[in-house]
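Structure first, then comments.
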Amino acid sequence: MDNDYHNLGNSLQEIGRFDEAVAAYKKAIELNPNFSWSYHSLGDVLLKLEKWEEAVAAYKKAVELNPNFSWSYHNLGDALLKLQQWKEAAVAYRCEIALNSDFAWSFCNLGDALTKLKHWDEAIATYLKAIEIDGDLPGIYEKLGYALGQTESDLNLVLEQSQLQITPENWEFYLQLGKNLAKYDRPKSAIIFYSLLLTNMPNCAEMSGKLEELLQQQEKCVSVALEEDRALASSRATVAQKPDDCWSYYNLGAVLSHQKYWEEAAAAFFQAIEINPDLPWWFYYNLWEVLVRQNKLDQVENLCRQVVAAKPEAFWPYLNLGEALTRQGKIPEAIDFYRTVSFKQSFASIISNRIGKMPVLQADTGKMPVLQNWNLKPVQFPNFIIIGSQRCGTTSLYTYLAQHPQILTPIKKEMDFFSWHFDRGIDWYLAHFPPMPPGEQFLTGEASPSYFDSREAPARLYSLFPEAKLIVLLRNPVDRAISQFYRLTGLNWEARSLDRAISDEVERLNQNPEYIIGEEPGNYLARGRYIEFIKNWRNLFPKEQLLILKSEDFYAGTAGTLKQVLEFLDLPEYQLSEYQNANPGSYQPVNQSVRDWLRNYFRPYNQQLEEYLSRDFNWS
């Protein structure tokens, strides 16, 4: 009978009915409390349910009954890692390794526990053993590189203690190790191994030549590494001085993520959100990428849920929660939160245009009144989209349009749906837009500058909303590139110098001229080659639907440009009391030689743009 329940648990686990599987295994244990396999299987299901403490108890019982089954120790270690019980996790992995010394993940996970304990030398030796078994483990070189950067010990002694000495028979292993460390942005660690190889085998002329070449290739990385060390030290000092400032932690996380210290970066980013969850963290893409990478989204989700429950009138925590759910693939649940906050914002906007007709808050509760009777209808499509370009005034234009009494804005300015997030589906996209009251002449639209230079965005947008009106702002590409560089530097999304960033992009564009927009930060040159992107949009959308504005005209005569935009949208003129720059940038003047180089670079593209549009931009 007990085997029947155990087998039932196995079947339920296979088809994903985990809660029922737990009940079956517990029944099997009740009938036969000495069957270790039921405890082990129960622990497996509890791991999947993320019930770490219960899983630990199940695995401990399993190893008590059968101390010779290595997998119970391994999974016990995994559960203990989740509970951040580093010492106990290390003990569990060592027990497993004593039984099975050929499983690379055991050494890798043991290295993770030792890293948390700051046992650097032992962690290095453990990671090296993992690489010796399987050099393709995800993230292993980043982990090794991080540990190497923390220890002050003689690496030769560490290698001797781990019985991994450099010999003529295994030098290729260490050579490959150095190459991989360099590949995964660990140049300082790579140089350590290149130097060790030269020290241990100085008479091998052929290998010496190869290593010298590799070392020369790494020279420029050394100066970058020194700059990164200074940036990290400065960020840590700021956190020490301002331990209650969310931005000090955000900046630290950004620097750490640049240097591939993913776990520390995730912890810093989470601390920033925890200090002030009522900020638009959804905007900071590097933050979310790190949290995804380190599987920290569940913690962010739980924090945002607590804030929303305590402050149901909150705005940004709803969006941050929606972002956390979206990044976890929980799209339907994210849509519900987006619609909730969209509904609230739409209601508040309508109320602001009807002052005196209905109170915004109920006098007795101080809460939002019931909205059902307003009969607001979901948006079916955006009327207009500001498609770009970056650092050309899109935020200011969007801010001014949002103040028009006949425009209701979505909950986010930038959704990047047609460029980066098309896989999330049209329901996800439309959930960001405000529901509209019937019979009213309201318009809505968004502004995502990433659309302009996206290869896929024109066709995607045309396939869904072929009648949408599109607005483009184009700025002198020299000024645009410099402004974007300093904007990303201020956000800690860019760690290079301007000269280095430009030279890197020139090299990339020369190597692959067809791949205009790369994945690395910046694309300072490519994004200013406007003619290549304008053609993509004009190939699909008629010129009557595409309003192309010159940023310099917008800055110099904001009211006149806004009037032109409102005419394009068939809206009545609306004057604002002031036109304040919504996203200003400030920085020191760049070297004139750099500006001259950029001017020469962009000149042929500017000429092509003027000829194609039959229009002078006069960007000297």
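Every chain in the structure tokens has a letter given in the order shown (A, B, ...), and although residue numbers restart at 1 in each chain, ligands are simply numbered from 1 in the order shown.
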
Show me a table, sorted first by chain and then by increasing residue number, of the residues of range 427-545 of chain A having an atom at most 12 Å from range 248-270 of chain A, each with its shortest atom pair and the distance in Å to one decimal, counting only C-alpha atoms and written as a Markdown table.
| residue | atom | partner | partner_atom | distance |
| --- | --- | --- | --- | --- |
| A:Leu488 | CA | A:Ala254 | CA | 11.0 |
| A:Thr489 | CA | A:Ala254 | CA | 10.5 |
| A:Gly490 | CA | A:Asn251 | CA | 9.3 |
| A:Leu491 | CA | A:Asn251 | CA | 7.6 |
| A:Asn492 | CA | A:Ala254 | CA | 5.6 |
| A:Trp493 | CA | A:Ala254 | CA | 6.7 |
| A:Glu494 | CA | A:His258 | CA | 8.1 |
| A:Ala495 | CA | A:His258 | CA | 7.2 |
| A:Arg496 | CA | A:His258 | CA | 10.2 |
| A:Glu520 | CA | A:His258 | CA | 11.3 |
| A:Pro521 | CA | A:His258 | CA | 10.6 |

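Between CA of Glu88 in chain A and CA of Ser101 in chain A there is a distance of 18.9 Å.
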
Legend entry - Contacts of Tyr601 in chain A at 12 Å (only C-alpha atoms; same-chain gap of 6+ positions) as a PyMOL selection string: chain A and resi 477-478+481+502+506+524-526+528-529+594-595+607+620

With N, CA, C and O atoms kept, could you save the residues just selected as a short mmCIF file (atom, residue, chain, number, x, y, z; two decimals), in the first residue's frame?
data_model
loop_
_atom_site.label_atom_id
_atom_site.label_comp_id
_atom_site.auth_asym_id
_atom_site.auth_seq_id
_atom_site.Cartn_x
_atom_site.Cartn_y
_atom_site.Cartn_z
N PRO A 477 22.95 64.80 -35.15
CA PRO A 477 23.44 63.53 -34.62
C PRO A 477 24.70 63.64 -33.78
O PRO A 477 24.96 62.77 -32.95
N VAL A 478 25.48 64.70 -33.98
CA VAL A 478 26.66 64.91 -33.13
C VAL A 478 26.20 65.20 -31.71
O VAL A 478 26.66 64.58 -30.74
N ALA A 481 24.49 62.08 -30.11
CA ALA A 481 25.42 61.05 -29.65
C ALA A 481 26.07 61.43 -28.32
O ALA A 481 26.16 60.62 -27.39
N ILE A 502 33.30 55.24 -28.81
CA ILE A 502 33.24 55.51 -30.25
C ILE A 502 34.13 54.54 -31.02
O ILE A 502 33.73 53.98 -32.04
N VAL A 506 33.00 51.91 -33.92
CA VAL A 506 33.58 51.93 -35.27
C VAL A 506 34.09 50.55 -35.65
O VAL A 506 33.85 50.06 -36.77
N TYR A 524 26.06 54.94 -30.34
CA TYR A 524 26.06 56.39 -30.48
C TYR A 524 26.16 56.83 -31.94
O TYR A 524 25.56 57.83 -32.33
N LEU A 525 26.91 56.09 -32.73
CA LEU A 525 27.04 56.41 -34.14
C LEU A 525 25.85 55.89 -34.93
O LEU A 525 25.25 56.62 -35.73
N ALA A 526 25.51 54.64 -34.73
CA ALA A 526 24.47 54.00 -35.54
C ALA A 526 23.13 54.71 -35.41
O ALA A 526 22.41 54.88 -36.40
N GLY A 528 22.50 57.70 -35.05
CA GLY A 528 22.48 58.99 -35.74
C GLY A 528 22.48 58.87 -37.25
O GLY A 528 22.43 59.89 -37.96
N ARG A 529 22.49 57.66 -37.78
CA ARG A 529 22.41 57.45 -39.23
C ARG A 529 20.93 57.38 -39.60
O ARG A 529 20.41 56.35 -40.00
N VAL A 594 37.04 65.54 -31.00
CA VAL A 594 36.01 64.49 -31.01
C VAL A 594 34.77 64.98 -31.74
O VAL A 594 34.19 64.28 -32.57
N ARG A 595 34.38 66.22 -31.46
CA ARG A 595 33.21 66.79 -32.14
C ARG A 595 33.45 66.90 -33.65
O ARG A 595 32.55 66.61 -34.45
N GLN A 607 23.49 64.31 -45.48
CA GLN A 607 23.23 64.72 -46.86
C GLN A 607 22.21 63.80 -47.51
O GLN A 607 21.29 64.25 -48.21
N SER A 620 25.50 71.70 -39.09
CA SER A 620 26.88 71.98 -39.48
C SER A 620 27.83 71.24 -38.55
O SER A 620 27.46 70.85 -37.45
#

Legend entry - Selection near range 441-446 of chain A, 7 Å with only C-alpha atoms, sequence-local residues under 6 positions removed, as number ranges by chain: A: 382-386, 406-410, 413-414

Inset, instruction - Write out as a VMD selection string each polymer residue whose atoms come within 12 Å of Ala89 in chain A, counting only C-alpha atoms; drop sequence neighbours fewer than 3 positions from it. - result: chain A and resid 56 60 73 to 86 92 to 96 106 to 107 109 to 117

Write the residues you've just listed into a file as an mmCIF file, in the first residue's frame, and include N, CA and C atoms for each of them.
data_model
loop_
_atom_site.group_PDB
_atom_site.id
_atom_site.type_symbol
_atom_site.label_atom_id
_atom_site.label_comp_id
_atom_site.auth_asym_id
_atom_site.auth_seq_id
_atom_site.Cartn_x
_atom_site.Cartn_y
_atom_site.Cartn_z
ATOM 1 N N VAL A 56 14.368 20.871 3.118
ATOM 2 C CA VAL A 56 15.551 20.534 3.930
ATOM 3 C C VAL A 56 15.220 19.424 4.913
ATOM 4 N N LYS A 60 17.019 15.780 4.876
ATOM 5 C CA LYS A 60 17.787 15.349 6.053
ATOM 6 C C LYS A 60 17.329 13.975 6.538
ATOM 7 N N TYR A 73 22.062 14.350 -0.751
ATOM 8 C CA TYR A 73 22.962 15.378 -0.235
ATOM 9 C C TYR A 73 23.008 16.579 -1.185
ATOM 10 N N HIS A 74 23.072 16.291 -2.489
ATOM 11 C CA HIS A 74 23.137 17.379 -3.468
ATOM 12 C C HIS A 74 21.893 18.272 -3.378
ATOM 13 N N ASN A 75 20.726 17.669 -3.380
ATOM 14 C CA ASN A 75 19.490 18.447 -3.327
ATOM 15 C C ASN A 75 19.317 19.149 -1.979
ATOM 16 N N LEU A 76 19.813 18.518 -0.930
ATOM 17 C CA LEU A 76 19.811 19.172 0.375
ATOM 18 C C LEU A 76 20.652 20.439 0.311
ATOM 19 N N GLY A 77 21.810 20.344 -0.332
ATOM 20 C CA GLY A 77 22.654 21.525 -0.495
ATOM 21 C C GLY A 77 21.954 22.622 -1.278
ATOM 22 N N ASP A 78 21.222 22.240 -2.333
ATOM 23 C CA ASP A 78 20.492 23.225 -3.128
ATOM 24 C C ASP A 78 19.458 23.970 -2.274
ATOM 25 N N ALA A 79 18.708 23.220 -1.458
ATOM 26 C CA ALA A 79 17.698 23.842 -0.605
ATOM 27 C C ALA A 79 18.350 24.758 0.433
ATOM 28 N N LEU A 80 19.473 24.337 0.974
ATOM 29 C CA LEU A 80 20.171 25.156 1.967
ATOM 30 C C LEU A 80 20.725 26.433 1.345
ATOM 31 N N LEU A 81 21.172 26.355 0.083
ATOM 32 C CA LEU A 81 21.613 27.569 -0.612
ATOM 33 C C LEU A 81 20.472 28.567 -0.722
ATOM 34 N N LYS A 82 19.276 28.072 -1.040
ATOM 35 C CA LYS A 82 18.125 28.962 -1.147
ATOM 36 C C LYS A 82 17.830 29.642 0.191
ATOM 37 N N LEU A 83 18.098 28.941 1.278
ATOM 38 C CA LEU A 83 17.877 29.500 2.614
ATOM 39 C C LEU A 83 19.063 30.331 3.102
ATOM 40 N N GLN A 84 20.105 30.432 2.233
ATOM 41 C CA GLN A 84 21.313 31.185 2.559
ATOM 42 C C GLN A 84 22.033 30.630 3.783
ATOM 43 N N GLN A 85 21.900 29.330 3.986
ATOM 44 C CA GLN A 85 22.618 28.645 5.063
ATOM 45 C C GLN A 85 23.898 28.056 4.460
ATOM 46 N N TRP A 86 24.888 28.938 4.286
ATOM 47 C CA TRP A 86 26.053 28.596 3.485
ATOM 48 C C TRP A 86 26.885 27.480 4.090
ATOM 49 N N ALA A 92 26.781 19.679 3.089
ATOM 50 C CA ALA A 92 25.981 18.755 2.281
ATOM 51 C C ALA A 92 26.684 18.435 0.970
ATOM 52 N N TYR A 93 27.225 19.427 0.297
ATOM 53 C CA TYR A 93 27.903 19.184 -0.984
ATOM 54 C C TYR A 93 29.170 18.359 -0.791
ATOM 55 N N ARG A 94 29.882 18.606 0.311
ATOM 56 C CA ARG A 94 31.086 17.794 0.563
ATOM 57 C C ARG A 94 30.713 16.326 0.774
ATOM 58 N N CYS A 95 29.591 16.098 1.461
ATOM 59 C CA CYS A 95 29.128 14.708 1.645
ATOM 60 C C CYS A 95 28.793 14.080 0.300
ATOM 61 N N GLU A 96 28.175 14.852 -0.568
ATOM 62 C CA GLU A 96 27.836 14.302 -1.881
ATOM 63 C C GLU A 96 29.091 13.997 -2.683
ATOM 64 N N SER A 106 28.192 19.685 -8.463
ATOM 65 C CA SER A 106 28.447 19.600 -7.019
ATOM 66 C C SER A 106 29.584 20.536 -6.630
ATOM 67 N N PHE A 107 30.657 20.531 -7.423
ATOM 68 C CA PHE A 107 31.789 21.406 -7.140
ATOM 69 C C PHE A 107 31.415 22.869 -7.378
ATOM 70 N N ASN A 109 28.415 24.280 -7.120
ATOM 71 C CA ASN A 109 27.546 24.759 -6.034
ATOM 72 C C ASN A 109 28.299 24.877 -4.715
ATOM 73 N N LEU A 110 29.225 23.949 -4.486
ATOM 74 C CA LEU A 110 30.067 24.065 -3.297
ATOM 75 C C LEU A 110 30.889 25.349 -3.375
ATOM 76 N N GLY A 111 31.397 25.660 -4.566
ATOM 77 C CA GLY A 111 32.132 26.907 -4.753
ATOM 78 C C GLY A 111 31.275 28.119 -4.443
ATOM 79 N N ASP A 112 29.983 28.056 -4.821
ATOM 80 C CA ASP A 112 29.070 29.172 -4.522
ATOM 81 C C ASP A 112 28.931 29.373 -3.015
ATOM 82 N N ALA A 113 28.789 28.248 -2.286
ATOM 83 C CA ALA A 113 28.656 28.353 -0.831
ATOM 84 C C ALA A 113 29.941 28.904 -0.208
ATOM 85 N N LEU A 114 31.083 28.439 -0.702
ATOM 86 C CA LEU A 114 32.363 28.902 -0.169
ATOM 87 C C LEU A 114 32.595 30.378 -0.491
ATOM 88 N N THR A 115 32.124 30.814 -1.662
ATOM 89 C CA THR A 115 32.231 32.228 -2.020
ATOM 90 C C THR A 115 31.441 33.077 -1.035
ATOM 91 N N LYS A 116 30.249 32.621 -0.696
ATOM 92 C CA LYS A 116 29.435 33.357 0.268
ATOM 93 C C LYS A 116 30.125 33.412 1.630
ATOM 94 N N LEU A 117 30.856 32.366 1.949
ATOM 95 C CA LEU A 117 31.577 32.328 3.221
ATOM 96 C C LEU A 117 32.914 33.066 3.147
#

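When the distance limit is 6 Å and only C-alpha atoms are what count, the residues near range 136-147 of chain A, minus those fewer than 6 positions from it on the same chain, are Trp120, Tyr127, Leu181, Arg186 and Ser189 of chain A.
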
Next, dump the selected residues to file, keeping only C-alpha atoms, as a PDB file, in the first residue's frame.
ATOM      1  CA  TRP A 120      38.292  32.344  -1.533  1.00  0.00           C
ATOM      2  CA  TYR A 127      35.592  25.949  -9.246  1.00  0.00           C
ATOM      3  CA  LEU A 181      38.131  34.086 -18.507  1.00  0.00           C
ATOM      4  CA  ARG A 186      37.552  38.654 -16.583  1.00  0.00           C
ATOM      5  CA  SER A 189      41.948  36.762 -13.947  1.00  0.00           C
TER       6      SER A 189
END

Inset, instruction - Identify, on the basis of only C-alpha atoms, every residue whose closest approach to range 530-538 of chain A does not exceed 8 Å; exclude the query and any residue fewer than 3 positions from it along the same chain; express the result as a list of chain:residue names. - result: A:Phe452, A:Asp453, A:Ser454, A:Arg455, A:Pro458, A:Leu474, A:Arg527, A:Phe541, A:Pro542, A:Lys543, A:Leu546, A:Tyr605, A:Asn606, A:Gln608, A:Leu609, A:Tyr612

Inset, instruction - Determine which residues of range 389-591 of chain A DSSP labels as strand (DSSP E) from the backbone of this structure, then write them out as a VMD selection string. - result: chain A and resid 445 to 447 469 to 474 546 to 550
